[in-house]
$ cat data.csv   # CSV, C-alpha atoms
chain,number,residue,atom,x,y,z
A,103,MET,CA,-22.9,12.6,64.0
A,104,PRO,CA,-19.2,12.3,63.3
A,105,LYS,CA,-16.9,13.2,66.2
A,106,ILE,CA,-15.3,16.6,66.1
A,107,LYS,CA,-11.7,16.7,67.0
A,108,ALA,CA,-10.3,19.1,69.6
A,109,SER,CA,-8.3,21.9,68.1
A,110,ARG,CA,-5.0,20.3,69.3
A,111,ASN,CA,-5.9,16.8,68.2
A,112,ARG,CA,-3.5,15.8,65.4
A,113,THR,CA,-4.3,12.1,65.3
A,114,ILE,CA,-3.9,10.6,61.8
A,115,ASP,CA,-7.2,8.7,61.2
A,116,THR,CA,-7.9,9.2,57.5
A,117,PRO,CA,-10.7,6.8,56.5
A,118,LEU,CA,-9.8,4.1,54.0
A,119,GLN,CA,-12.2,5.5,51.4
A,120,GLU,CA,-10.6,9.0,51.6
A,121,GLY,CA,-7.1,7.5,51.6
A,122,GLN,CA,-7.3,5.4,48.5
A,123,HIS,CA,-4.6,7.6,46.8
A,124,PHE,CA,-2.3,6.6,49.6
A,125,LEU,CA,-3.2,2.9,49.3
A,126,GLU,CA,-2.5,3.0,45.6
A,127,ARG,CA,1.1,3.9,46.3
A,128,CYS,CA,1.6,0.7,48.3
A,129,ILE,CA,2.5,-2.5,46.4
A,130,THR,CA,1.6,-6.1,46.4
A,131,LEU,CA,3.7,-9.2,45.7
A,132,SER,CA,2.5,-12.3,44.0
A,133,GLU,CA,5.8,-13.7,42.8
A,134,PRO,CA,9.4,-13.5,44.1
A,135,ALA,CA,11.0,-10.1,44.1
A,136,GLU,CA,14.2,-10.6,42.1
A,137,ASP,CA,15.2,-7.0,42.1
A,138,ILE,CA,15.8,-5.3,45.5
A,139,SER,CA,15.1,-1.9,43.9
A,140,SER,CA,11.5,-2.9,43.2
A,141,ILE,CA,10.8,-3.2,47.0
A,142,THR,CA,13.1,-0.6,48.4
A,143,ASP,CA,11.3,2.2,50.3
A,144,LYS,CA,7.9,0.5,49.9
A,145,THR,CA,4.9,-0.6,51.9
A,146,ILE,CA,3.7,-4.0,50.9
A,147,LEU,CA,0.0,-4.7,51.4
A,148,GLY,CA,-0.2,-8.4,52.3
A,149,ASP,CA,0.1,-11.2,54.8
A,150,THR,CA,3.6,-11.5,56.3
A,151,PHE,CA,3.5,-15.3,56.1
A,152,LYS,CA,2.8,-15.2,52.4
A,153,VAL,CA,5.0,-12.2,51.4
A,154,CYS,CA,8.3,-13.0,53.3
A,155,PRO,CA,9.0,-16.2,51.2
A,156,LEU,CA,8.9,-13.9,48.1
A,157,LEU,CA,11.6,-11.5,49.4
A,158,PRO,CA,15.3,-11.8,48.6
A,159,GLU,CA,17.4,-13.7,51.2
A,160,LYS,CA,19.7,-11.5,53.3
A,161,PHE,CA,18.4,-8.2,52.1
A,162,ALA,CA,17.9,-6.5,55.5
A,163,ASP,CA,20.6,-4.9,57.6
A,164,LEU,CA,18.1,-4.4,60.5
A,165,ILE,CA,14.8,-6.0,61.3
A,166,VAL,CA,12.4,-4.4,63.8
A,167,ALA,CA,9.4,-6.7,64.5
A,168,ASP,CA,6.3,-5.9,66.6
A,169,PRO,CA,4.2,-9.0,66.3
A,170,PRO,CA,0.8,-9.3,67.9
A,171,TYR,CA,1.2,-9.9,71.7
A,172,ASN,CA,-0.6,-13.0,73.0
A,173,LEU,CA,-3.8,-11.0,73.7
A,174,THR,CA,-7.1,-10.9,72.1
A,175,LYS,CA,-7.1,-7.7,70.2
A,176,ARG,CA,-8.7,-6.3,67.1
A,177,PHE,CA,-6.4,-4.7,64.5
A,178,GLY,CA,-8.5,-3.0,61.9
A,179,SER,CA,-10.5,-5.7,60.0
A,180,ARG,CA,-8.7,-8.5,61.8
A,181,THR,CA,-8.7,-10.0,65.3
A,182,PHE,CA,-5.8,-11.7,66.9
A,183,SER,CA,-7.1,-14.2,69.5
A,184,LYS,CA,-5.1,-15.1,72.6
A,185,LYS,CA,-3.6,-18.5,72.2
A,186,HIS,CA,-2.5,-21.3,74.5
A,187,THR,CA,1.2,-20.9,75.4
A,188,ASP,CA,2.2,-23.8,73.1
A,189,GLU,CA,0.2,-22.3,70.2
A,190,TYR,CA,1.8,-18.9,70.6
A,191,GLU,CA,5.2,-20.5,70.8
A,192,ASP,CA,4.5,-22.2,67.5
A,193,TYR,CA,3.2,-19.0,66.0
A,194,THR,CA,6.4,-17.2,67.0
A,195,ARG,CA,8.6,-20.0,65.6
A,196,GLN,CA,6.6,-19.8,62.3
A,197,TRP,CA,7.1,-16.1,61.7
A,198,LEU,CA,10.7,-16.2,62.9
A,199,SER,CA,11.5,-19.1,60.5
A,200,ILE,CA,10.5,-17.1,57.5
A,201,VAL,CA,12.0,-13.7,58.7
A,202,ALA,CA,15.4,-15.1,59.8
A,203,PRO,CA,16.6,-15.8,56.2
A,204,LEU,CA,16.0,-12.2,55.2
A,205,LEU,CA,18.6,-10.8,57.6
A,206,LYS,CA,22.2,-10.3,56.5
A,207,ASP,CA,24.9,-12.2,58.2
A,208,ASP,CA,26.0,-9.1,60.1
A,209,GLY,CA,22.5,-7.9,60.8
A,210,THR,CA,20.5,-7.2,63.9
A,211,ILE,CA,16.9,-8.0,64.9
A,212,TYR,CA,14.8,-6.4,67.6
A,213,VAL,CA,11.5,-8.0,68.7
A,214,CYS,CA,8.9,-6.1,70.7
A,215,CYS,CA,6.7,-7.8,73.3
A,216,ASP,CA,4.8,-7.5,76.6
A,217,TRP,CA,5.9,-9.2,79.8
A,218,GLU,CA,3.9,-12.4,79.1
A,219,SER,CA,4.9,-12.9,75.5
A,220,SER,CA,8.4,-12.0,76.3
A,221,LEU,CA,8.9,-15.2,78.2
A,222,ILE,CA,8.1,-17.1,75.0
A,223,ILE,CA,9.7,-14.8,72.4
A,224,GLY,CA,13.1,-14.7,74.1
A,225,ARG,CA,13.3,-18.5,74.2
A,226,VAL,CA,12.3,-19.0,70.6
A,227,LEU,CA,14.4,-16.1,69.3
A,228,SER,CA,17.5,-17.9,70.7
A,229,GLU,CA,16.8,-20.8,68.3
A,230,PHE,CA,17.5,-18.5,65.3
A,231,PHE,CA,19.8,-15.8,66.6
A,232,THR,CA,22.3,-14.9,69.3
A,233,VAL,CA,20.4,-13.1,71.9
A,234,ARG,CA,22.4,-10.1,73.2
A,235,ASN,CA,20.1,-8.3,75.7
A,236,ARG,CA,16.5,-7.6,76.7
A,237,ILE,CA,15.5,-3.9,76.8
A,238,THR,CA,12.7,-2.9,79.1
A,239,TRP,CA,11.0,0.4,78.4
A,240,GLN,CA,8.5,2.3,80.5
A,241,ARG,CA,5.3,2.9,78.5
A,242,GLU,CA,3.9,5.6,80.9
A,243,LYS,CA,0.4,4.7,79.9
A,244,GLY,CA,-1.5,1.7,81.1
A,245,ARG,CA,-4.8,0.8,82.8
A,246,GLY,CA,-4.9,-0.2,86.5
A,247,ALA,CA,-6.0,-3.6,87.6
A,248,LYS,CA,-7.9,-4.4,90.8
A,249,ALA,CA,-6.1,-7.7,91.5
A,250,ASN,CA,-2.7,-7.2,89.8
A,251,TRP,CA,0.0,-4.6,89.3
A,252,LYS,CA,-0.6,-2.0,86.6
A,253,ASN,CA,1.4,-3.1,83.4
A,254,GLY,CA,3.5,-0.1,82.6
A,255,MET,CA,6.5,-1.8,80.9
A,256,GLU,CA,7.3,-3.6,77.7
A,257,ASP,CA,10.3,-5.5,76.5
A,258,ILE,CA,12.4,-5.5,73.3
A,259,TRP,CA,14.7,-8.4,72.6
A,260,PHE,CA,18.0,-7.6,70.9
A,261,ALA,CA,19.6,-10.3,68.9
A,262,THR,CA,22.1,-10.7,66.0
A,263,LYS,CA,22.8,-13.1,63.2
A,264,SER,CA,26.5,-13.5,64.2
A,265,ASP,CA,29.2,-12.0,66.4
A,266,LYS,CA,29.8,-9.3,63.7
A,267,TYR,CA,27.2,-6.6,64.0
A,268,THR,CA,26.7,-2.9,64.1
A,269,PHE,CA,26.3,-1.0,67.4
A,270,ASN,CA,26.8,2.8,67.2
A,271,LEU,CA,27.2,3.7,70.9
A,272,ASP,CA,27.9,7.3,70.3
A,273,LYS,CA,24.6,7.7,68.4
A,274,VAL,CA,22.5,6.7,71.3
A,275,ARG,CA,24.1,8.2,74.4
A,276,ILE,CA,21.7,9.8,76.9
A,277,ARG,CA,22.2,13.5,77.9
A,278,ARG,CA,21.6,13.9,81.6
A,279,LYS,CA,21.9,16.9,83.9
A,280,VAL,CA,24.8,16.9,86.3
A,281,ILE,CA,23.6,17.4,89.8
A,282,ALA,CA,26.8,16.8,91.7
A,283,PRO,CA,29.7,18.0,89.4
A,284,TYR,CA,33.0,16.4,90.2
A,285,ARG,CA,36.2,18.2,89.3
A,286,VAL,CA,39.9,17.3,88.9
A,287,ASP,CA,42.4,20.1,89.1
A,288,GLY,CA,39.5,22.5,88.8
A,289,LYS,CA,38.2,21.0,85.5
A,290,PRO,CA,35.0,19.1,84.9
A,291,LYS,CA,35.5,15.3,85.0
A,292,ASP,CA,33.3,13.4,82.5
A,293,TRP,CA,30.8,16.3,82.2
A,294,THR,CA,30.4,19.5,80.2
A,295,ASP,CA,29.7,23.0,81.4
A,296,SER,CA,27.7,24.9,78.7
A,297,GLU,CA,25.3,27.9,78.3
A,298,ASN,CA,22.4,25.4,78.8
A,299,GLY,CA,23.8,24.0,82.0
A,300,ARG,CA,25.9,21.1,83.1
A,301,TYR,CA,25.4,17.8,81.5
A,302,ARG,CA,26.9,14.4,80.9
A,303,ASP,CA,26.4,12.1,77.8
A,304,THR,CA,26.2,8.7,79.3
A,305,CYS,CA,26.1,5.2,77.9
A,306,PRO,CA,22.5,3.9,77.5
A,307,SER,CA,21.3,1.0,79.6
A,308,ASN,CA,18.7,-1.6,78.9
A,309,PHE,CA,16.1,0.2,80.8
A,310,TRP,CA,14.5,3.2,79.1
A,311,ASP,CA,12.4,5.6,81.1
A,312,ASP,CA,12.5,8.5,78.6
A,313,ILE,CA,9.9,7.3,76.1
A,314,THR,CA,6.5,8.9,75.6
A,315,ILE,CA,3.7,6.9,74.1
A,316,PRO,CA,2.2,8.9,71.2
A,317,PHE,CA,-0.8,10.9,72.3
A,318,TRP,CA,-3.4,12.9,70.5
A,319,SER,CA,-1.6,16.2,70.3
A,320,MET,CA,1.6,14.7,68.8
A,321,PRO,CA,1.9,14.8,64.9
A,322,GLU,CA,3.1,11.2,64.8
A,323,ASN,CA,0.0,9.8,66.6
A,324,THR,CA,-2.4,7.6,64.6
A,325,ALA,CA,-5.6,5.7,65.5
A,326,HIS,CA,-3.6,2.4,65.6
A,327,PRO,CA,-4.2,0.6,68.9
A,328,THR,CA,-0.5,-0.4,69.6
A,329,GLN,CA,1.6,2.2,67.9
A,330,LYS,CA,5.2,2.5,68.9
A,331,PRO,CA,6.9,5.9,69.4
A,332,GLU,CA,9.2,7.2,66.8
A,333,LYS,CA,11.7,8.1,69.5
A,334,LEU,CA,11.9,4.4,70.6
A,335,LEU,CA,12.5,3.3,67.0
A,336,ALA,CA,15.1,6.0,66.5
A,337,LYS,CA,17.2,4.4,69.2
A,338,LEU,CA,17.0,1.0,67.6
A,339,ILE,CA,17.7,2.3,64.1
A,340,LEU,CA,20.6,4.6,65.1
A,341,ALA,CA,22.3,2.0,67.3
A,342,SER,CA,22.1,-0.9,64.8
A,343,SER,CA,22.3,0.5,61.3
A,344,GLN,CA,24.1,3.0,59.1
A,345,PRO,CA,22.7,5.6,56.8
A,346,GLY,CA,21.7,3.9,53.6
A,347,ASP,CA,21.1,0.6,55.2
A,348,MET,CA,17.8,-1.4,54.8
A,349,VAL,CA,15.4,-1.5,57.7
A,350,PHE,CA,12.6,-4.1,57.5
A,351,ASP,CA,9.4,-4.4,59.6
A,352,PRO,CA,7.3,-7.5,58.9
A,353,PHE,CA,4.4,-6.2,61.1
A,354,LEU,CA,4.4,-2.6,60.0
A,355,GLY,CA,1.1,-1.4,61.5
A,356,SER,CA,0.7,2.3,61.0
A,357,GLY,CA,4.2,2.7,59.7
A,358,SER,CA,6.4,4.0,62.6
A,359,THR,CA,9.4,1.9,61.7
A,360,SER,CA,9.5,2.9,58.0
A,361,VAL,CA,8.8,6.6,58.8
A,362,THR,CA,11.5,6.7,61.4
A,363,ALA,CA,14.0,5.0,59.1
A,364,LYS,CA,13.2,7.5,56.3
A,365,LYS,CA,13.7,10.4,58.7
A,366,LEU,CA,17.1,9.0,59.6
A,367,ASP,CA,18.2,8.5,56.0
A,368,ARG,CA,17.8,4.7,55.9
A,369,HIS,CA,16.0,2.6,53.3
A,370,PHE,CA,13.0,0.7,54.5
A,371,LEU,CA,10.5,-2.0,53.7
A,372,GLY,CA,7.3,-2.9,55.6
A,373,ILE,CA,4.6,-5.4,55.3
A,374,GLU,CA,1.0,-4.7,56.6
A,375,ALA,CA,-2.1,-6.8,56.1
A,376,ASP,CA,-4.7,-4.2,56.8
A,377,PRO,CA,-5.4,-1.6,54.1
A,378,GLN,CA,-6.5,1.0,56.6
A,379,TYR,CA,-3.1,0.9,58.3
A,380,CYS,CA,-1.3,1.0,55.0
A,381,VAL,CA,-3.1,4.2,54.3
A,382,TRP,CA,-1.8,5.8,57.5
A,383,ALA,CA,1.7,4.4,57.0
A,384,GLN,CA,1.9,5.8,53.4
A,385,GLN,CA,0.4,9.1,54.6
A,386,ARG,CA,3.0,9.5,57.3
A,387,LEU,CA,5.8,8.6,54.9
A,388,GLU,CA,4.8,11.4,52.6
A,389,MET,CA,4.5,13.8,55.6
A,390,ALA,CA,8.1,12.9,56.4
A,391,ASP,CA,9.2,14.4,53.0
A,392,SER,CA,8.7,17.9,54.6
A,393,ASP,CA,9.1,17.1,58.3
A,394,LYS,CA,11.9,14.9,59.5
A,395,SER,CA,11.6,15.8,63.2
A,396,ILE,CA,11.3,13.1,65.9
A,397,GLN,CA,9.8,14.2,69.1
A,398,GLY,CA,12.3,13.9,72.0
A,399,TYR,CA,15.3,13.6,69.6
A,400,GLU,CA,17.0,16.8,68.5
A,401,ASP,CA,20.5,17.7,67.2
A,402,GLY,CA,21.7,14.1,67.7
A,403,ILE,CA,20.6,14.1,71.4
A,404,PHE,CA,17.8,12.1,73.1
A,405,ARG,CA,16.0,14.4,75.5
A,406,GLN,CA,14.2,13.5,78.7
A,407,ARG,CA,10.6,12.3,78.6
A,408,ASN,CA,7.9,14.8,77.4
A,409,TYR,CA,10.6,17.3,76.4
$ encode --input "data.csv" --output "structure tokens"
Amino acid sequence: MPKIKASRNRTIDTPLQEGQHFLERCITLSEPAEDISSITDKTILGDTFKVCPLLPEKFADLIVADPPYNLTKRFGSRTFSKKHTDEYEDYTRQWLSIVAPLLKDDGTIYVCCDWESSLIIGRVLSEFFTVRNRITWQREKGRGAKANWKNGMEDIWFATKSDKYTFNLDKVRIRRKVIAPYRVDGKPKDWTDSENGRYRDTCPSNFWDDITIPFWSMPENTAHPTQKPEKLLAKLILASSQPGDMVFDPFLGSGSTSVTAKKLDRHFLGIEADPQYCVWAQQRLEMADSDKSIQGYEDGIFRQRNY
């Protein structure tokens, strides 16, 4: 008997057979893409290691990469097996070596990882780019462990091709309630008094505790096992690109990077090896034609967790 969803369950889990019309709108590459327009705003069905050498050099303004963490995990029809530290380092160096030439000279790359793979990725990333920072974000979810601390955090490495790069600070300020308002000559100092209360728009730090992992009642949720939240990706995209820029994800999964880029008026390109995930990515891209909302981001403001 097929499972019956709860009435509030909005998880996107369209089976591959039923989603063939979405898959048909994805593309494949068997020869170099000479014309950037042929791959703009597309999902490529294929292996990153085979597709990236066919892409134009320096076409991407921003790269957001979420490679498999060094864990044994099944992704659709494929299984990524945990590797020895040296093997995972080689794997990281291999994919970075083919992705690095695709970034513009003034471009930025973000790489997602867990605490263990972070130790390797940060080191290898510095061989190709200038590492600027390491962001740590609170996942909220996570299973407990009997002999270890619950893993509730993940990292994102921030790096650039050169010292010239985009960083739109005002696009990613955090709105916080003012608890102890300070005044000078009777006027608010560095805070605003509005109908909705007192608040201050502050500079974002490299620790993010306002992100909610997609859950079953959220319209962005899919059945992908390691989906990243659109709100998280919105921060990266708004900070490090301009409207009309090209955002590239070499490990697209269920499409969160491309979908968020589209909602924020950027161009996008993603590569995904699993046809099932391509279906969900394309389905979400078409849903974004009529709904550009990003949960937790409204009117140019990032709201608190679970807002």
$ closest_residue --input "data.csv" --among "A:Ser343, A:Arg176, A:His186, A:Glu388" --to "Arg127 in chain A" --atoms "all atoms listed in the file"
A:Glu388
$ closest_residue --input "data.csv" --among "A:Asp257, A:Asp192, A:Glu229, A:Glu322" --to "Val361 in chain A" --atoms "all atoms listed in the file"
A:Glu322
$ residues_around --input "data.csv" --residues "Ile165 in chain A" --least-positions-apart "5" --cutoff "10 Å" --atoms "all atoms listed in the file" --output "JSON, numbers by chain"
{"A": [201, 202, 204, 205, 206, 209, 210, 211, 212, 213, 261, 262, 338, 339, 342, 343, 348, 349, 350, 351, 352, 359, 370, 371, 372]}
$ residues_around --input "data.csv" --residues "Lys333 in chain A" --least-positions-apart "4" --cutoff "12 Å" --atoms "all atoms listed in the file" --output "VMD selection string"
chain A and resid 239 274 310 to 316 322 329 337 to 340 358 to 359 361 to 363 365 to 366 395 to 400 402 to 409
$ residues_near_point --input "data.csv" --point "(1.4, -8.0, 65.3)" --cutoff "12 Å" --atoms "only C-alpha atoms" --output "PyMOL selection string"
chain A and resi 149-151+166-178+180-183+193-194+197+213-216+219+326-330+351-356+373-376
$ atom_distance --input "data.csv" --atom1 "CA of Lys364 in chain A" --atom2 "CA of Pro134 in chain A"
24.6 Å
$ closest_residue --input "data.csv" --among "A:Arg234, A:Lys184, A:Lys160, A:Arg386" --to "Asn308 in chain A" --atoms "all atoms listed in the file"
A:Arg234
$ decode --input "data.csv" --residues "range 241-277 of chain A" --atoms "N, CA and C atoms" --output "PDB file, in the first residue's frame"
ATOM      1  N   ARG A 241      22.112  23.575  12.258  1.00  0.00           N
ATOM      2  CA  ARG A 241      21.151  22.813  11.465  1.00  0.00           C
ATOM      3  C   ARG A 241      19.819  22.616  12.175  1.00  0.00           C
ATOM      4  N   GLU A 242      19.809  22.704  13.475  1.00  0.00           N
ATOM      5  CA  GLU A 242      18.625  22.487  14.304  1.00  0.00           C
ATOM      6  C   GLU A 242      18.301  21.004  14.438  1.00  0.00           C
ATOM      7  N   LYS A 243      18.227  20.295  13.302  1.00  0.00           N
ATOM      8  CA  LYS A 243      17.979  18.858  13.361  1.00  0.00           C
ATOM      9  C   LYS A 243      19.277  18.110  13.608  1.00  0.00           C
ATOM     10  N   GLY A 244      19.162  16.832  13.907  1.00  0.00           N
ATOM     11  CA  GLY A 244      20.338  16.003  14.117  1.00  0.00           C
ATOM     12  C   GLY A 244      20.040  14.912  15.123  1.00  0.00           C
ATOM     13  N   ARG A 245      20.545  13.737  14.871  1.00  0.00           N
ATOM     14  CA  ARG A 245      20.317  12.627  15.789  1.00  0.00           C
ATOM     15  C   ARG A 245      21.348  12.620  16.902  1.00  0.00           C
ATOM     16  N   GLY A 246      20.919  12.231  18.074  1.00  0.00           N
ATOM     17  CA  GLY A 246      21.830  12.137  19.200  1.00  0.00           C
ATOM     18  C   GLY A 246      22.758  10.947  19.061  1.00  0.00           C
ATOM     19  N   ALA A 247      23.824  10.940  19.831  1.00  0.00           N
ATOM     20  CA  ALA A 247      24.775   9.834  19.827  1.00  0.00           C
ATOM     21  C   ALA A 247      25.078   9.457  21.272  1.00  0.00           C
ATOM     22  N   LYS A 248      25.213   8.157  21.547  1.00  0.00           N
ATOM     23  CA  LYS A 248      25.431   7.704  22.917  1.00  0.00           C
ATOM     24  C   LYS A 248      26.824   8.033  23.433  1.00  0.00           C
ATOM     25  N   ALA A 249      27.805   8.073  22.524  1.00  0.00           N
ATOM     26  CA  ALA A 249      29.188   8.261  22.965  1.00  0.00           C
ATOM     27  C   ALA A 249      29.835   9.480  22.323  1.00  0.00           C
ATOM     28  N   ASN A 250      29.005  10.443  21.886  1.00  0.00           N
ATOM     29  CA  ASN A 250      29.553  11.644  21.254  1.00  0.00           C
ATOM     30  C   ASN A 250      28.528  12.760  21.370  1.00  0.00           C
ATOM     31  N   TRP A 251      28.956  13.970  21.050  1.00  0.00           N
ATOM     32  CA  TRP A 251      28.042  15.104  21.062  1.00  0.00           C
ATOM     33  C   TRP A 251      27.186  15.089  19.806  1.00  0.00           C
ATOM     34  N   LYS A 252      25.940  15.442  19.948  1.00  0.00           N
ATOM     35  CA  LYS A 252      25.036  15.524  18.805  1.00  0.00           C
ATOM     36  C   LYS A 252      25.589  16.524  17.789  1.00  0.00           C
ATOM     37  N   ASN A 253      25.613  16.139  16.518  1.00  0.00           N
ATOM     38  CA  ASN A 253      26.138  17.003  15.468  1.00  0.00           C
ATOM     39  C   ASN A 253      25.030  17.906  14.946  1.00  0.00           C
ATOM     40  N   GLY A 254      24.989  19.150  15.412  1.00  0.00           N
ATOM     41  CA  GLY A 254      23.939  20.079  15.026  1.00  0.00           C
ATOM     42  C   GLY A 254      24.446  21.249  14.209  1.00  0.00           C
ATOM     43  N   MET A 255      25.708  21.187  13.741  1.00  0.00           N
ATOM     44  CA  MET A 255      26.302  22.294  12.993  1.00  0.00           C
ATOM     45  C   MET A 255      26.874  21.802  11.667  1.00  0.00           C
ATOM     46  N   GLU A 256      26.950  22.706  10.704  1.00  0.00           N
ATOM     47  CA  GLU A 256      27.660  22.447   9.461  1.00  0.00           C
ATOM     48  C   GLU A 256      28.457  23.693   9.086  1.00  0.00           C
ATOM     49  N   ASP A 257      29.442  23.518   8.216  1.00  0.00           N
ATOM     50  CA  ASP A 257      30.299  24.620   7.790  1.00  0.00           C
ATOM     51  C   ASP A 257      30.061  24.966   6.328  1.00  0.00           C
ATOM     52  N   ILE A 258      30.395  26.202   5.987  1.00  0.00           N
ATOM     53  CA  ILE A 258      30.432  26.651   4.595  1.00  0.00           C
ATOM     54  C   ILE A 258      31.701  27.484   4.441  1.00  0.00           C
ATOM     55  N   TRP A 259      32.612  27.046   3.589  1.00  0.00           N
ATOM     56  CA  TRP A 259      33.831  27.802   3.330  1.00  0.00           C
ATOM     57  C   TRP A 259      33.567  28.879   2.281  1.00  0.00           C
ATOM     58  N   PHE A 260      34.066  30.074   2.550  1.00  0.00           N
ATOM     59  CA  PHE A 260      33.901  31.244   1.688  1.00  0.00           C
ATOM     60  C   PHE A 260      35.268  31.587   1.110  1.00  0.00           C
ATOM     61  N   ALA A 261      35.377  31.547  -0.225  1.00  0.00           N
ATOM     62  CA  ALA A 261      36.656  31.823  -0.875  1.00  0.00           C
ATOM     63  C   ALA A 261      36.428  32.600  -2.170  1.00  0.00           C
ATOM     64  N   THR A 262      37.476  33.281  -2.628  1.00  0.00           N
ATOM     65  CA  THR A 262      37.376  34.089  -3.842  1.00  0.00           C
ATOM     66  C   THR A 262      38.543  33.796  -4.775  1.00  0.00           C
ATOM     67  N   LYS A 263      38.364  34.140  -6.049  1.00  0.00           N
ATOM     68  CA  LYS A 263      39.397  33.927  -7.058  1.00  0.00           C
ATOM     69  C   LYS A 263      40.524  34.954  -6.904  1.00  0.00           C
ATOM     70  N   SER A 264      40.169  36.171  -6.457  1.00  0.00           N
ATOM     71  CA  SER A 264      41.152  37.248  -6.330  1.00  0.00           C
ATOM     72  C   SER A 264      40.718  38.180  -5.201  1.00  0.00           C
ATOM     73  N   ASP A 265      41.421  39.283  -5.066  1.00  0.00           N
ATOM     74  CA  ASP A 265      41.059  40.268  -4.040  1.00  0.00           C
ATOM     75  C   ASP A 265      39.933  41.185  -4.495  1.00  0.00           C
ATOM     76  N   LYS A 266      39.533  41.047  -5.743  1.00  0.00           N
ATOM     77  CA  LYS A 266      38.392  41.808  -6.254  1.00  0.00           C
ATOM     78  C   LYS A 266      37.186  40.875  -6.315  1.00  0.00           C
ATOM     79  N   TYR A 267      36.178  41.146  -5.488  1.00  0.00           N
ATOM     80  CA  TYR A 267      35.009  40.274  -5.449  1.00  0.00           C
ATOM     81  C   TYR A 267      33.807  41.045  -4.913  1.00  0.00           C
ATOM     82  N   THR A 268      32.637  40.489  -5.119  1.00  0.00           N
ATOM     83  CA  THR A 268      31.383  41.113  -4.679  1.00  0.00           C
ATOM     84  C   THR A 268      31.050  40.708  -3.251  1.00  0.00           C
ATOM     85  N   PHE A 269      30.694  41.693  -2.432  1.00  0.00           N
ATOM     86  CA  PHE A 269      30.126  41.389  -1.117  1.00  0.00           C
ATOM     87  C   PHE A 269      29.138  42.491  -0.763  1.00  0.00           C
ATOM     88  N   ASN A 270      27.853  42.183  -0.885  1.00  0.00           N
ATOM     89  CA  ASN A 270      26.774  43.154  -0.670  1.00  0.00           C
ATOM     90  C   ASN A 270      26.308  43.103   0.784  1.00  0.00           C
ATOM     91  N   LEU A 271      27.018  43.805   1.643  1.00  0.00           N
ATOM     92  CA  LEU A 271      26.720  43.764   3.075  1.00  0.00           C
ATOM     93  C   LEU A 271      25.280  44.157   3.385  1.00  0.00           C
ATOM     94  N   ASP A 272      24.800  45.217   2.763  1.00  0.00           N
ATOM     95  CA  ASP A 272      23.459  45.714   3.089  1.00  0.00           C
ATOM     96  C   ASP A 272      22.346  44.741   2.691  1.00  0.00           C
ATOM     97  N   LYS A 273      22.645  43.784   1.809  1.00  0.00           N
ATOM     98  CA  LYS A 273      21.639  42.819   1.384  1.00  0.00           C
ATOM     99  C   LYS A 273      21.465  41.675   2.374  1.00  0.00           C
ATOM    100  N   VAL A 274      22.395  41.546   3.308  1.00  0.00           N
ATOM    101  CA  VAL A 274      22.342  40.390   4.223  1.00  0.00           C
ATOM    102  C   VAL A 274      22.407  40.783   5.692  1.00  0.00           C
ATOM    103  N   ARG A 275      22.065  42.027   5.968  1.00  0.00           N
ATOM    104  CA  ARG A 275      22.012  42.432   7.381  1.00  0.00           C
ATOM    105  C   ARG A 275      20.910  41.653   8.103  1.00  0.00           C
ATOM    106  N   ILE A 276      21.100  41.469   9.386  1.00  0.00           N
ATOM    107  CA  ILE A 276      20.158  40.715  10.212  1.00  0.00           C
ATOM    108  C   ILE A 276      19.329  41.684  11.046  1.00  0.00           C
ATOM    109  N   ARG A 277      18.017  41.534  11.015  1.00  0.00           N
ATOM    110  CA  ARG A 277      17.138  42.385  11.817  1.00  0.00           C
ATOM    111  C   ARG A 277      16.915  41.746  13.184  1.00  0.00           C
TER     112      ARG A 277
END
